[in-house]
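Q: This is the structure I want to talk about, given as structure tokens.
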Amino acid sequence: MINNKSVMITGAAGFIGSHLTETLLKHNNFLVLIDNFNDYYPGKEEQLQKILNKYEENRKYKLIKANIVEKSTFNTINNEIDYIFHLAAQAGVRYSIDNASEVTYNNIVGAVNVFEYASKMPSIKKVIYASSSSVYGNPLYTPVDEDHPKNPISPYAVSKLCGENYANLYFKENDLPVTSLRFYTVYGPRGRPDMAVKKFFSHMLQNKEILIYGDGTQKRDFTYITDIIDGLILAGENDKSNGEIINIGGSNPISVNELVSKMYGIAKVEKKISFIEKQKGDVNITHSDISKARRILNFKPKVNIDVGLEKQYEWQLSFLKST
Ligand SMILES: NC(=O)c1ccc[n+]([C@@H]2O[C@H](COP(=O)([O-])OP(=O)(O)OC[C@H]3O[C@@H](n4cnc5c(N)ncnc54)[C@H](O)[C@@H]3O)[C@@H](O)[C@H]2O)c1
């Protein structure tokens with residue numbers, strides 16, 4: 001665990017960033033939190049503030065509302081930083097199809113600015129770059145290891161792959177200790193509303209129909225948020241992973257139809273399902289080979305899909321009751 005260190009998190013108000021913020025605050029770290037609270041979905045600023053309020057007495061964070069594509073954002077930080085978790089990005093495969101230039105600029109320039117800043121910070125021990133399983137495109141074989149060909153089929157996936165290439169460049173040319181982690185479909189409390197698990201439970205709870213893209217046979221390697229946080233921290237404190245790219249996934253894919261059936265089993269409401277046209281950019285299957293994560297990071301996913309879905313459902317139910 002990373003304790004009593006100085007840590008920067010970009011995208012701190014997002015789904016994954018807010019969980020990482022909470023975990024690292026619990027372990028007495030000083031955090032520099034950067035987020036521009038983009039309008040991709042609402043509620044992030046309040047969500048982060050709720051977490052920070054719990055730590056107000058012993059205030060060990062600095063919250064910077066700024067855009068990382070602006071180099072000047074980094075001039076406002078005068079703390080020495082040990083670790084950087086670079087999570088800020090315009091997420092969403094489907095959104096990127098209609099907003100290719102925005103996603104490209106935001107994700108690539110943002111990553112370059114973070115690597116540039118980190119490479120000039122003498123105290124840096126590690127930078128973690130959040131990449132994505134989407135870089136593989138439709139797999140030629142499964143499970144997919146890190147050497148599998150990269151055939152991204154959306155601007156989002158290309159931007160994530162490009163960020164990895166920059167990470168590699170800064171590792172080789174500037175000795176930056178950086179690791180790229182390829183996350184697989186993350187779900188759990190505070191999950192993004194554009195993602196299937198959050199969206200489907202939300203519709204079930206409102207007795208609304210759920211819409212499945214394609215025929216629902218596409219499979220996803222759903223990964224519970226606490227397993228992703230474990231992967232981030234294990235990679236952060238691990239020197240052997242410098243310059244490496246590592247899959248972080250649950251490694252146990254299920255089809256969207258199976259997912260929906262499990263979710264109806266939990267929500268216990270009347271089934272209302274429609275199938276609509278497959279979305280551009282969606283791949284047929286994601287399935288992580290996590291041997292490298294096991295070997296280098298000692299990473300083991302701990303939360304299976306049944307337990308994870310129960311936890312997410314409980315959270316969505318309590319969220320609904322509190323609003
Ligand atoms: N959630 C997943 O399933 C998943 C899978 C693979 C990879 N990832 C990657 O993990 C990271 C976090 O994803 P998430 O699901 O938490 O997304 P999210 O949208 O919830 O969080 C991203 C955060 O980054 C912020 N942000 C975006 N651009 C910024 C900029 N230019 N300057 C400052 N802040 C900016 C947003 O306001 C948001 O709070 C992203 O890099 C994403 O590409 C996520």
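For the structure tokens, the naming scheme is as follows: chains receive sequential letters (A, B, ...) according to their order of presentation, residues are indexed from 1 within each chain, and ligands are indexed from 1 in presentation order.
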How would you write, as a PyMOL selection string, the set of residues no farther than 7 Å from ligand 1 when counting only C-alpha atoms and all ligand atoms?

A: chain A and resi 10-17+34-38+40+44+66-69+87-91+106-107+110+130-133+160+182-187+192

Q: Hey, could you make a per-residue contact list for range 45-154 of chain A against range 261-279 of chain A with 10 Å as the cut-off, showing the nearest pair of atoms and its distance in Å to one decimal, counting only C-alpha atoms, sorted by chain and number, as CSV?

A:
residue,atom,partner,partner_atom,distance
A:Val93,CA,A:Gln279,CA,9.6
A:Arg94,CA,A:Gln279,CA,7.4
A:Ile97,CA,A:Gln279,CA,9.9

Q: How about saving the chosen residues, N, CA and C atoms kept, as an mmCIF file, in the first residue's frame?

A:
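File produced: result_1.cif:
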data_model
loop_
_atom_site.group_PDB
_atom_site.id
_atom_site.type_symbol
_atom_site.label_atom_id
_atom_site.label_comp_id
_atom_site.auth_asym_id
_atom_site.auth_seq_id
_atom_site.Cartn_x
_atom_site.Cartn_y
_atom_site.Cartn_z
ATOM 1 N N VAL A 93 -16.470 4.858 -25.624
ATOM 2 C CA VAL A 93 -16.206 4.461 -27.013
ATOM 3 C C VAL A 93 -17.213 5.117 -27.953
ATOM 4 N N ARG A 94 -18.489 5.029 -27.584
ATOM 5 C CA ARG A 94 -19.536 5.528 -28.493
ATOM 6 C C ARG A 94 -19.465 7.039 -28.637
ATOM 7 N N ILE A 97 -16.978 8.277 -31.243
ATOM 8 C CA ILE A 97 -17.280 8.131 -32.676
ATOM 9 C C ILE A 97 -17.824 9.466 -33.225
#

Q: Which neighbours of Leu20 in chain A fall inside 12 Å, counting only C-alpha atoms, when residues of the same chain fewer than 2 positions from it are skipped, and could you give them as a PyMOL selection string?

A: chain A and resi 1-2+7-18+22-27+29+31+33+48+51+84-87+225-233+236

Q: Pull C-alpha atoms from the residues just selected and write them as a compact mmCIF listing (two decimals), in the first residue's frame.

A:
# COMPACT_ATOMS: atom_id res chain seq x y z
CA MET A 1 0.00 0.00 0.00
CA ILE A 2 1.11 3.55 -0.72
CA VAL A 7 0.30 11.56 -4.86
CA MET A 8 -1.25 13.30 -7.87
CA ILE A 9 -4.47 11.91 -9.34
CA THR A 10 -5.76 13.32 -12.62
CA GLY A 11 -9.43 12.64 -13.26
CA ALA A 12 -9.93 12.42 -9.48
CA ALA A 13 -13.64 13.20 -9.68
CA GLY A 14 -14.38 10.38 -12.11
CA PHE A 15 -15.59 6.88 -11.37
CA ILE A 16 -12.19 5.24 -10.89
CA GLY A 17 -10.49 8.44 -9.69
CA SER A 18 -12.96 8.96 -6.84
CA GLU A 22 -10.82 7.57 -1.13
CA THR A 23 -8.39 4.67 -0.76
CA LEU A 24 -5.28 6.85 -0.77
CA LEU A 25 -6.76 9.36 1.70
CA LYS A 26 -7.49 6.45 4.07
CA HIS A 27 -3.79 5.66 3.97
CA ASN A 29 -1.28 10.27 1.74
CA LEU A 31 -3.17 14.19 -2.60
CA LEU A 33 -6.36 16.12 -7.19
CA LEU A 48 -15.80 13.96 -4.95
CA ILE A 51 -15.53 11.99 -0.06
CA ILE A 84 1.06 10.14 -10.39
CA PHE A 85 -2.05 8.20 -11.39
CA HIS A 86 -3.12 9.60 -14.73
CA LEU A 87 -6.81 8.73 -15.09
CA ILE A 225 -13.85 -1.40 -9.10
CA THR A 226 -11.91 -2.60 -6.02
CA ASP A 227 -9.94 -5.03 -8.22
CA ILE A 228 -9.01 -2.10 -10.48
CA ILE A 229 -7.90 -0.07 -7.43
CA ASP A 230 -5.78 -3.05 -6.28
CA GLY A 231 -4.17 -3.19 -9.74
CA LEU A 232 -3.42 0.56 -9.70
CA ILE A 233 -1.80 0.45 -6.27
CA GLY A 236 2.25 2.06 -8.34

Q: Name the closest residue to Gly249 in chain A among the candidates A:Val144, A:Ile153, A:Leu169, A:Leu176; distances are taken between atoms, counting only C-alpha atoms.

A: A:Val144

Q: Using only C-alpha atoms, find the one residue out of A:Gly281, A:Gly191, A:Gly308, A:Gly250 that sits nearest to Ala293 in chain A.

A: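 The shortest atom-to-atom distance to Ala293 in chain A comes from A:Gly250.
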
Q: For Gln206 in chain A, find every residue with an atom within 12 Å (counting only C-alpha atoms), except residues of its own chain fewer than 3 positions away, and show them as an MDAnalysis selection string.

A: chainID A and resid 199:203 209:210 267 269:270 272 316:317 320

Q: Using only C-alpha atoms, determine which residues lie at most 8 Å from Thr286 in chain A, disregarding the query and same-chain residues fewer than 3 positions distant; provide the list as a PyMOL selection string.

A: chain A and resi 133+138-139+144+184+219-221+253+283

Q: Which residues are near range 145-150 of chain A? Cut-off 6 Å, only C-alpha atoms, ignore same chain within fewer than 5 positions. Put them as an MDAnalysis selection string.

A: chainID A and resid 135:136 289

Q: Restrict the selected residues to N, CA and C atoms and save them as a PDB file, in the first residue's frame.

A:
ATOM      1  N   VAL A 135      -7.878  -1.133 -26.923  1.00  0.00           N
ATOM      2  CA  VAL A 135      -6.765  -1.006 -27.895  1.00  0.00           C
ATOM      3  C   VAL A 135      -6.631  -2.261 -28.764  1.00  0.00           C
ATOM      4  N   TYR A 136      -7.138  -3.406 -28.285  1.00  0.00           N
ATOM      5  CA  TYR A 136      -6.974  -4.659 -29.048  1.00  0.00           C
ATOM      6  C   TYR A 136      -7.959  -4.773 -30.209  1.00  0.00           C
ATOM      7  N   ASP A 289      -6.071 -11.867 -20.557  1.00  0.00           N
ATOM      8  CA  ASP A 289      -5.103 -12.822 -20.019  1.00  0.00           C
ATOM      9  C   ASP A 289      -4.324 -12.028 -18.969  1.00  0.00           C
TER      10      ASP A 289
END
